[in-house]
Amino acid sequence: MANYSLADIKDLREATGAGMMDVKKALEEADGDKDKALEIIRVKGLKGVSKRESRSASDGLVAAEVITAGDGENEVGVIVEVNSETDFVTKNATFITLADKVLATAVASGARDADALLAADVDGKPLSEIVDETAAVLGEKLVVRRVERVAGEKVTVYLHKVNKDLPPQVGVLVATDAKGAEIARDIATHIAAFSPQYLTRDEVPADTVANERRIAEETSRNEGKPEAALPKIVEGRLNGFFKEVVLLDQPFAKDPKKSVGQVLTEAGGTVTGFVRYRVGA
């Protein structure tokens, strides 16, 4: 049994800012030798991890890649968000290299959530360790916030720089059929700009629609609208809500006289899914 006490753990945590379990493992590996344990913590990049945990990481970047699906016919888009505390670190080459590794790991592992991604193996250790090691080098809290996959006959990726001096902070994946792929880039830039929440009206939760209908009716009554006209007014306002949140109902960015759905119909294409990330949103 390792020769160390609770006081040793406390002293080493205060000296390094590392987490309790990391300190205990280091002391066990060092057989209770605090100096050697300190060296182990430094080598593993764990110093300061605990102190950084309480800080906010709201900056960062979005990265994405499209690969061929396992069936060899369809495509899969993978998108990740990796956060830092400041934009100064966001544009640092070390951080960008980490983000590239996070994306590559997401693609290779098939992870569908951040926990699974962080647990994925990278050269014999979990990705989470590499994130912690990089955080120790950069001196900031780093977070792999989320990952998502979108599959379809064709998948198009669009990455947008909010600031020309920083990596992309808005990312969009759009899944379409072959015909839809011809205008998918325009659809993706539209999604980046107008932030739809749903693809179709059918995807909007029933309780959300019911609540919007209730609000529209109460608002109309408070405005003194004639009772006989309420149904038509309420439906009009509900349609306005759908135009805000549903992709196919939104006025198309490049031609607001047409909806996105109309543009797709004219092109003979279909959007089957999409995802939009904005750093910190």
# chains A, B, ... in the order shown; residues from 1 in each chain; ligands from 1
>>> select_by_dssp(residues="stretch 28-262 of chain A", states="strand (DSSP E or B)", output="JSON, numbers by chain")
{"A": [59, 60, 61, 62, 63, 64, 65, 66, 67, 68, 75, 76, 77, 78, 79, 80, 81, 82, 83, 84, 121, 122, 125, 126, 143, 144, 145, 146, 147, 148, 149, 150, 151, 152, 154, 155, 156, 157, 158, 159, 160, 170, 171, 172, 173, 174, 175, 176, 198, 246, 251, 252, 255, 256, 257, 258, 259]}
>>> closest_atom_pairs(of="stretch 149-206 of chain A", to="stretch 235-250 of chain A", cutoff="6 Å", atoms="only C-alpha atoms", output="tab-separated table")
residue	atom	partner	partner_atom	distance
A:Pro196	CA	A:Val245	CA	4.7
A:Gln197	CA	A:Val245	CA	5.2
A:Tyr198	CA	A:Val246	CA	4.8
A:Leu199	CA	A:Leu247	CA	5.0
A:Thr200	CA	A:Val246	CA	5.7
>>> write_last_selection(atoms="N, CA and C atoms", output="short mmCIF file (atom, residue, chain, number, x, y, z; two decimals), in the first residue's frame")
data_model
loop_
_atom_site.label_atom_id
_atom_site.label_comp_id
_atom_site.auth_asym_id
_atom_site.auth_seq_id
_atom_site.Cartn_x
_atom_site.Cartn_y
_atom_site.Cartn_z
N PRO A 196 -32.53 28.07 -38.34
CA PRO A 196 -33.77 27.30 -38.16
C PRO A 196 -33.58 26.23 -37.09
N GLN A 197 -34.65 25.93 -36.39
CA GLN A 197 -34.58 24.91 -35.34
C GLN A 197 -35.09 23.55 -35.81
N TYR A 198 -35.96 23.55 -36.82
CA TYR A 198 -36.56 22.31 -37.30
C TYR A 198 -36.52 22.27 -38.83
N LEU A 199 -36.57 21.07 -39.38
CA LEU A 199 -36.60 20.92 -40.83
C LEU A 199 -38.00 21.15 -41.37
N THR A 200 -39.00 20.51 -40.78
CA THR A 200 -40.39 20.61 -41.23
C THR A 200 -41.31 21.00 -40.07
#
>>> residues_around(residues="A:Leu142", least_positions_apart="2", cutoff="8 Å", atoms="only C-alpha atoms", output="list in words")
Ala57, Val82, Asn83, Ser84, Glu85, Val131, Asp132, Ala135, Glu140 and Val144 of chain A
>>> write_last_selection(atoms="all heavy atoms", output="short mmCIF file (atom, residue, chain, number, x, y, z; two decimals), in the first residue's frame")
data_model
loop_
_atom_site.label_atom_id
_atom_site.label_comp_id
_atom_site.auth_asym_id
_atom_site.auth_seq_id
_atom_site.Cartn_x
_atom_site.Cartn_y
_atom_site.Cartn_z
N ALA A 57 -15.42 28.36 -20.38
CA ALA A 57 -14.84 28.24 -21.72
C ALA A 57 -15.94 28.50 -22.74
O ALA A 57 -16.70 27.60 -23.09
CB ALA A 57 -14.24 26.85 -21.91
N VAL A 82 -15.23 22.67 -30.07
CA VAL A 82 -14.19 22.62 -29.04
C VAL A 82 -14.02 24.03 -28.49
O VAL A 82 -13.84 24.99 -29.25
CB VAL A 82 -12.85 22.11 -29.61
CG1 VAL A 82 -11.83 21.93 -28.49
CG2 VAL A 82 -13.04 20.79 -30.35
N ASN A 83 -14.09 24.16 -27.16
CA ASN A 83 -14.09 25.48 -26.54
C ASN A 83 -12.80 25.80 -25.79
O ASN A 83 -12.14 24.91 -25.25
CB ASN A 83 -15.25 25.60 -25.54
CG ASN A 83 -16.60 25.47 -26.20
OD1 ASN A 83 -17.48 24.78 -25.70
ND2 ASN A 83 -16.79 26.13 -27.33
N SER A 84 -12.49 27.09 -25.77
CA SER A 84 -11.40 27.64 -24.97
C SER A 84 -11.96 28.82 -24.18
O SER A 84 -13.11 29.20 -24.37
CB SER A 84 -10.25 28.09 -25.87
OG SER A 84 -10.68 29.12 -26.74
N GLU A 85 -11.12 29.39 -23.33
CA GLU A 85 -11.58 30.53 -22.55
C GLU A 85 -11.50 31.84 -23.32
O GLU A 85 -12.32 32.74 -23.12
CB GLU A 85 -10.76 30.65 -21.26
CG GLU A 85 -10.96 29.52 -20.26
CD GLU A 85 -10.12 29.73 -19.02
OE1 GLU A 85 -10.18 30.83 -18.44
OE2 GLU A 85 -9.39 28.80 -18.64
N VAL A 131 -6.78 16.23 -24.12
CA VAL A 131 -7.38 17.56 -23.89
C VAL A 131 -6.79 18.19 -22.64
O VAL A 131 -6.41 19.37 -22.64
CB VAL A 131 -8.91 17.44 -23.76
CG1 VAL A 131 -9.52 18.80 -23.38
CG2 VAL A 131 -9.52 16.95 -25.07
N ASP A 132 -6.67 17.41 -21.55
CA ASP A 132 -6.11 17.94 -20.31
C ASP A 132 -4.64 18.34 -20.48
O ASP A 132 -4.19 19.36 -19.94
CB ASP A 132 -6.24 16.90 -19.19
CG ASP A 132 -7.66 16.76 -18.67
OD1 ASP A 132 -8.47 17.66 -18.96
OD2 ASP A 132 -7.95 15.76 -17.99
N ALA A 135 -4.54 21.55 -22.33
CA ALA A 135 -4.99 22.63 -21.44
C ALA A 135 -3.86 23.06 -20.53
O ALA A 135 -3.69 24.26 -20.25
CB ALA A 135 -6.19 22.16 -20.62
N GLU A 140 -5.30 27.26 -20.17
CA GLU A 140 -6.72 27.59 -20.17
C GLU A 140 -7.56 26.33 -20.06
O GLU A 140 -7.12 25.23 -20.44
CB GLU A 140 -7.11 28.32 -21.47
CG GLU A 140 -6.68 29.76 -21.51
CD GLU A 140 -7.45 30.56 -22.56
OE1 GLU A 140 -8.38 30.03 -23.20
OE2 GLU A 140 -7.11 31.73 -22.72
N VAL A 144 -14.34 19.83 -24.88
CA VAL A 144 -14.97 19.25 -26.06
C VAL A 144 -16.46 19.26 -25.76
O VAL A 144 -16.96 18.43 -25.01
CB VAL A 144 -14.47 17.82 -26.34
CG1 VAL A 144 -15.22 17.21 -27.51
CG2 VAL A 144 -12.97 17.84 -26.62
#
>>> select_by_dssp(residues="stretch 155-276 of chain A", states="helix (DSSP H, G or I)", output="number ranges by chain")
A: 180-182, 184-194, 201-203, 206-222, 227-245, 247-249, 260-267
>>> closest_residue(among="A:Thr272, A:Ala26, A:Asp35, A:Lys257", to="A:Ala178", atoms="only C-alpha atoms")
A:Thr272
>>> atom_distance(atom1="atom CA of A:Lys179", atom2="atom CA of A:Gly77")
17.8 Å
>>> atom_distance(atom1="atom CA of A:Asn163", atom2="atom CA of A:Val62")
13.0 Å
>>> residues_around(residues="A:Arg185", least_positions_apart="3", cutoff="9 Å", atoms="only C-alpha atoms", output="VMD selection string")
chain A and resid 156 to 158 174 181 to 182 188 to 190
>>> residues_around(residues="stretch 89-100 of chain A", least_positions_apart="5", cutoff="12 Å", atoms="only C-alpha atoms", output="mmCIF file with N, CA, C and O atoms, in the first residue's frame")
data_model
loop_
_atom_site.group_PDB
_atom_site.id
_atom_site.type_symbol
_atom_site.label_atom_id
_atom_site.label_comp_id
_atom_site.auth_asym_id
_atom_site.auth_seq_id
_atom_site.Cartn_x
_atom_site.Cartn_y
_atom_site.Cartn_z
ATOM 1 N N ALA A 57 -15.422 28.356 -20.377
ATOM 2 C CA ALA A 57 -14.841 28.237 -21.721
ATOM 3 C C ALA A 57 -15.944 28.496 -22.735
ATOM 4 O O ALA A 57 -16.700 27.603 -23.093
ATOM 5 N N SER A 58 -16.046 29.744 -23.179
ATOM 6 C CA SER A 58 -17.155 30.119 -24.059
ATOM 7 C C SER A 58 -16.687 30.549 -25.444
ATOM 8 O O SER A 58 -17.502 30.917 -26.288
ATOM 9 N N ASP A 59 -15.374 30.513 -25.674
ATOM 10 C CA ASP A 59 -14.854 30.802 -27.006
ATOM 11 C C ASP A 59 -14.535 29.469 -27.672
ATOM 12 O O ASP A 59 -14.911 28.414 -27.180
ATOM 13 N N GLY A 60 -13.857 29.488 -28.810
ATOM 14 C CA GLY A 60 -13.496 28.221 -29.437
ATOM 15 C C GLY A 60 -13.788 28.184 -30.925
ATOM 16 O O GLY A 60 -13.889 29.224 -31.586
ATOM 17 N N LEU A 61 -13.945 26.967 -31.439
ATOM 18 C CA LEU A 61 -14.155 26.804 -32.881
ATOM 19 C C LEU A 61 -15.060 25.620 -33.182
ATOM 20 O O LEU A 61 -15.321 24.771 -32.323
ATOM 21 N N VAL A 62 -15.517 25.598 -34.423
ATOM 22 C CA VAL A 62 -16.312 24.485 -34.942
ATOM 23 C C VAL A 62 -15.528 23.868 -36.098
ATOM 24 O O VAL A 62 -14.964 24.589 -36.926
ATOM 25 N N ALA A 63 -15.481 22.539 -36.141
ATOM 26 C CA ALA A 63 -14.802 21.838 -37.230
ATOM 27 C C ALA A 63 -15.711 20.725 -37.731
ATOM 28 O O ALA A 63 -16.502 20.161 -36.966
ATOM 29 N N ALA A 64 -15.617 20.407 -39.013
ATOM 30 C CA ALA A 64 -16.499 19.386 -39.584
ATOM 31 C C ALA A 64 -15.818 18.678 -40.744
ATOM 32 O O ALA A 64 -14.896 19.213 -41.373
ATOM 33 N N GLU A 65 -16.301 17.467 -41.024
ATOM 34 C CA GLU A 65 -15.760 16.676 -42.132
ATOM 35 C C GLU A 65 -16.862 15.774 -42.678
ATOM 36 O O GLU A 65 -17.722 15.307 -41.925
ATOM 37 N N ILE A 79 -19.532 16.819 -37.101
ATOM 38 C CA ILE A 79 -19.227 18.181 -36.674
ATOM 39 C C ILE A 79 -18.939 18.187 -35.178
ATOM 40 O O ILE A 79 -19.584 17.469 -34.410
ATOM 41 N N VAL A 80 -17.941 18.971 -34.758
ATOM 42 C CA VAL A 80 -17.577 19.074 -33.343
ATOM 43 C C VAL A 80 -17.422 20.536 -32.960
ATOM 44 O O VAL A 80 -17.120 21.383 -33.800
ATOM 45 N N GLU A 81 -17.646 20.811 -31.685
ATOM 46 C CA GLU A 81 -17.351 22.129 -31.115
ATOM 47 C C GLU A 81 -16.341 21.937 -29.999
ATOM 48 O O GLU A 81 -16.553 21.124 -29.095
ATOM 49 N N VAL A 82 -15.231 22.675 -30.067
ATOM 50 C CA VAL A 82 -14.193 22.621 -29.038
ATOM 51 C C VAL A 82 -14.021 24.028 -28.487
ATOM 52 O O VAL A 82 -13.838 24.989 -29.250
ATOM 53 N N ASN A 83 -14.090 24.159 -27.163
ATOM 54 C CA ASN A 83 -14.091 25.481 -26.535
ATOM 55 C C ASN A 83 -12.800 25.802 -25.791
ATOM 56 O O ASN A 83 -12.137 24.913 -25.254
ATOM 57 N N SER A 84 -12.492 27.089 -25.767
ATOM 58 C CA SER A 84 -11.402 27.635 -24.966
ATOM 59 C C SER A 84 -11.960 28.820 -24.182
ATOM 60 O O SER A 84 -13.106 29.205 -24.371
ATOM 61 N N THR A 105 -10.788 12.000 -34.280
ATOM 62 C CA THR A 105 -11.220 10.962 -33.345
ATOM 63 C C THR A 105 -12.718 10.739 -33.438
ATOM 64 O O THR A 105 -13.202 9.609 -33.363
ATOM 65 N N ALA A 106 -13.469 11.822 -33.601
ATOM 66 C CA ALA A 106 -14.925 11.709 -33.761
ATOM 67 C C ALA A 106 -15.266 10.912 -35.008
ATOM 68 O O ALA A 106 -16.159 10.053 -34.994
ATOM 69 N N VAL A 107 -14.560 11.189 -36.092
ATOM 70 C CA VAL A 107 -14.797 10.478 -37.350
ATOM 71 C C VAL A 107 -14.464 8.999 -37.193
ATOM 72 O O VAL A 107 -15.241 8.118 -37.582
ATOM 73 N N VAL A 122 -7.010 7.272 -28.263
ATOM 74 C CA VAL A 122 -6.098 7.954 -29.176
ATOM 75 C C VAL A 122 -4.676 7.566 -28.783
ATOM 76 O O VAL A 122 -4.174 7.984 -27.737
ATOM 77 N N LEU A 127 -9.066 10.324 -25.251
ATOM 78 C CA LEU A 127 -8.947 11.680 -25.767
ATOM 79 C C LEU A 127 -8.972 12.707 -24.639
ATOM 80 O O LEU A 127 -8.319 13.750 -24.728
ATOM 81 N N SER A 128 -9.702 12.425 -23.566
ATOM 82 C CA SER A 128 -9.792 13.365 -22.445
ATOM 83 C C SER A 128 -8.424 13.712 -21.880
ATOM 84 O O SER A 128 -8.177 14.853 -21.466
ATOM 85 N N GLU A 129 -7.503 12.742 -21.864
ATOM 86 C CA GLU A 129 -6.157 13.009 -21.352
ATOM 87 C C GLU A 129 -5.402 13.970 -22.258
ATOM 88 O O GLU A 129 -4.659 14.841 -21.793
ATOM 89 N N ILE A 130 -5.597 13.816 -23.553
ATOM 90 C CA ILE A 130 -4.930 14.706 -24.501
ATOM 91 C C ILE A 130 -5.469 16.124 -24.353
ATOM 92 O O ILE A 130 -4.717 17.101 -24.426
ATOM 93 N N VAL A 131 -6.778 16.234 -24.115
ATOM 94 C CA VAL A 131 -7.379 17.557 -23.889
ATOM 95 C C VAL A 131 -6.787 18.192 -22.638
ATOM 96 O O VAL A 131 -6.410 19.370 -22.639
ATOM 97 N N ASP A 132 -6.674 17.412 -21.555
ATOM 98 C CA ASP A 132 -6.106 17.940 -20.310
ATOM 99 C C ASP A 132 -4.645 18.335 -20.476
ATOM 100 O O ASP A 132 -4.189 19.360 -19.936
ATOM 101 N N GLU A 133 -3.893 17.535 -21.195
ATOM 102 C CA GLU A 133 -2.485 17.848 -21.426
ATOM 103 C C GLU A 133 -2.333 19.141 -22.220
ATOM 104 O O GLU A 133 -1.478 19.979 -21.917
ATOM 105 N N THR A 134 -3.173 19.320 -23.223
ATOM 106 C CA THR A 134 -3.114 20.541 -24.025
ATOM 107 C C THR A 134 -3.550 21.749 -23.193
ATOM 108 O O THR A 134 -2.984 22.836 -23.320
ATOM 109 N N ALA A 135 -4.543 21.547 -22.329
ATOM 110 C CA ALA A 135 -4.988 22.627 -21.444
ATOM 111 C C ALA A 135 -3.855 23.064 -20.526
ATOM 112 O O ALA A 135 -3.687 24.263 -20.253
ATOM 113 N N ALA A 136 -3.066 22.094 -20.060
ATOM 114 C CA ALA A 136 -1.944 22.431 -19.188
ATOM 115 C C ALA A 136 -0.898 23.248 -19.936
ATOM 116 O O ALA A 136 -0.314 24.190 -19.393
ATOM 117 N N VAL A 137 -0.678 22.918 -21.188
ATOM 118 C CA VAL A 137 0.294 23.646 -22.016
ATOM 119 C C VAL A 137 -0.185 25.077 -22.278
ATOM 120 O O VAL A 137 0.585 26.038 -22.182
ATOM 121 N N LEU A 138 -1.467 25.212 -22.593
ATOM 122 C CA LEU A 138 -2.012 26.526 -22.954
ATOM 123 C C LEU A 138 -2.444 27.354 -21.748
ATOM 124 O O LEU A 138 -2.656 28.562 -21.866
ATOM 125 N N GLY A 139 -2.630 26.706 -20.609
ATOM 126 C CA GLY A 139 -3.008 27.436 -19.401
ATOM 127 C C GLY A 139 -4.445 27.897 -19.375
ATOM 128 O O GLY A 139 -4.778 28.853 -18.669
ATOM 129 N N GLU A 140 -5.304 27.257 -20.165
ATOM 130 C CA GLU A 140 -6.721 27.586 -20.172
ATOM 131 C C GLU A 140 -7.564 26.325 -20.064
ATOM 132 O O GLU A 140 -7.122 25.234 -20.437
ATOM 133 N N LYS A 141 -8.776 26.498 -19.593
ATOM 134 C CA LYS A 141 -9.736 25.405 -19.604
ATOM 135 C C LYS A 141 -10.155 25.146 -21.050
ATOM 136 O O LYS A 141 -10.531 26.062 -21.775
ATOM 137 N N LEU A 142 -10.081 23.883 -21.464
ATOM 138 C CA LEU A 142 -10.503 23.482 -22.805
ATOM 139 C C LEU A 142 -11.619 22.457 -22.675
ATOM 140 O O LEU A 142 -11.559 21.579 -21.807
ATOM 141 N N VAL A 143 -12.619 22.560 -23.521
ATOM 142 C CA VAL A 143 -13.790 21.693 -23.421
ATOM 143 C C VAL A 143 -14.180 21.158 -24.795
ATOM 144 O O VAL A 143 -14.307 21.937 -25.743
ATOM 145 N N VAL A 144 -14.338 19.835 -24.878
ATOM 146 C CA VAL A 144 -14.968 19.249 -26.061
ATOM 147 C C VAL A 144 -16.456 19.265 -25.762
ATOM 148 O O VAL A 144 -16.965 18.432 -25.008
ATOM 149 N N ARG A 145 -17.168 20.239 -26.317
ATOM 150 C CA ARG A 145 -18.544 20.493 -25.880
ATOM 151 C C ARG A 145 -19.555 19.542 -26.497
ATOM 152 O O ARG A 145 -20.457 19.052 -25.815
ATOM 153 N N ARG A 146 -19.431 19.281 -27.811
ATOM 154 C CA ARG A 146 -20.448 18.455 -28.454
ATOM 155 C C ARG A 146 -19.954 17.906 -29.790
ATOM 156 O O ARG A 146 -19.004 18.423 -30.382
ATOM 157 N N VAL A 147 -20.639 16.866 -30.236
ATOM 158 C CA VAL A 147 -20.363 16.232 -31.521
ATOM 159 C C VAL A 147 -21.684 15.728 -32.078
ATOM 160 O O VAL A 147 -22.578 15.336 -31.326
ATOM 161 N N LYS A 161 -16.588 32.011 -40.728
ATOM 162 C CA LYS A 161 -15.787 32.774 -39.775
ATOM 163 C C LYS A 161 -16.545 34.029 -39.366
ATOM 164 O O LYS A 161 -16.838 34.882 -40.203
ATOM 165 N N ASN A 163 -15.212 36.109 -37.275
ATOM 166 C CA ASN A 163 -14.103 37.058 -37.258
ATOM 167 C C ASN A 163 -13.022 36.521 -38.187
ATOM 168 O O ASN A 163 -12.598 35.370 -38.051
ATOM 169 N N LYS A 164 -12.561 37.322 -39.132
ATOM 170 C CA LYS A 164 -11.612 36.836 -40.136
ATOM 171 C C LYS A 164 -10.292 36.378 -39.523
ATOM 172 O O LYS A 164 -9.547 35.606 -40.150
ATOM 173 N N ASP A 165 -9.995 36.829 -38.313
ATOM 174 C CA ASP A 165 -8.741 36.472 -37.664
ATOM 175 C C ASP A 165 -8.840 35.195 -36.830
ATOM 176 O O ASP A 165 -7.846 34.751 -36.246
ATOM 177 N N LEU A 166 -10.038 34.630 -36.758
ATOM 178 C CA LEU A 166 -10.258 33.444 -35.930
ATOM 179 C C LEU A 166 -10.711 32.269 -36.789
ATOM 180 O O LEU A 166 -11.201 32.449 -37.903
ATOM 181 N N PRO A 167 -10.585 31.050 -36.268
ATOM 182 C CA PRO A 167 -11.119 29.878 -36.983
ATOM 183 C C PRO A 167 -12.643 29.964 -37.061
ATOM 184 O O PRO A 167 -13.269 30.787 -36.381
ATOM 185 N N PRO A 168 -13.274 29.120 -37.872
ATOM 186 C CA PRO A 168 -14.741 29.146 -37.985
ATOM 187 C C PRO A 168 -15.437 28.951 -36.640
ATOM 188 O O PRO A 168 -15.045 28.093 -35.851
ATOM 189 N N GLN A 169 -16.467 29.743 -36.414
ATOM 190 C CA GLN A 169 -17.250 29.611 -35.182
ATOM 191 C C GLN A 169 -18.710 29.264 -35.461
ATOM 192 O O GLN A 169 -19.500 29.108 -34.531
ATOM 193 N N VAL A 279 -20.476 28.522 -31.866
ATOM 194 C CA VAL A 279 -19.706 28.437 -30.629
ATOM 195 C C VAL A 279 -20.424 29.177 -29.501
ATOM 196 O O VAL A 279 -20.800 30.337 -29.647
#
>>> atom_distance(atom1="atom CA of A:Leu38", atom2="atom CA of A:Gly124")
22.9 Å
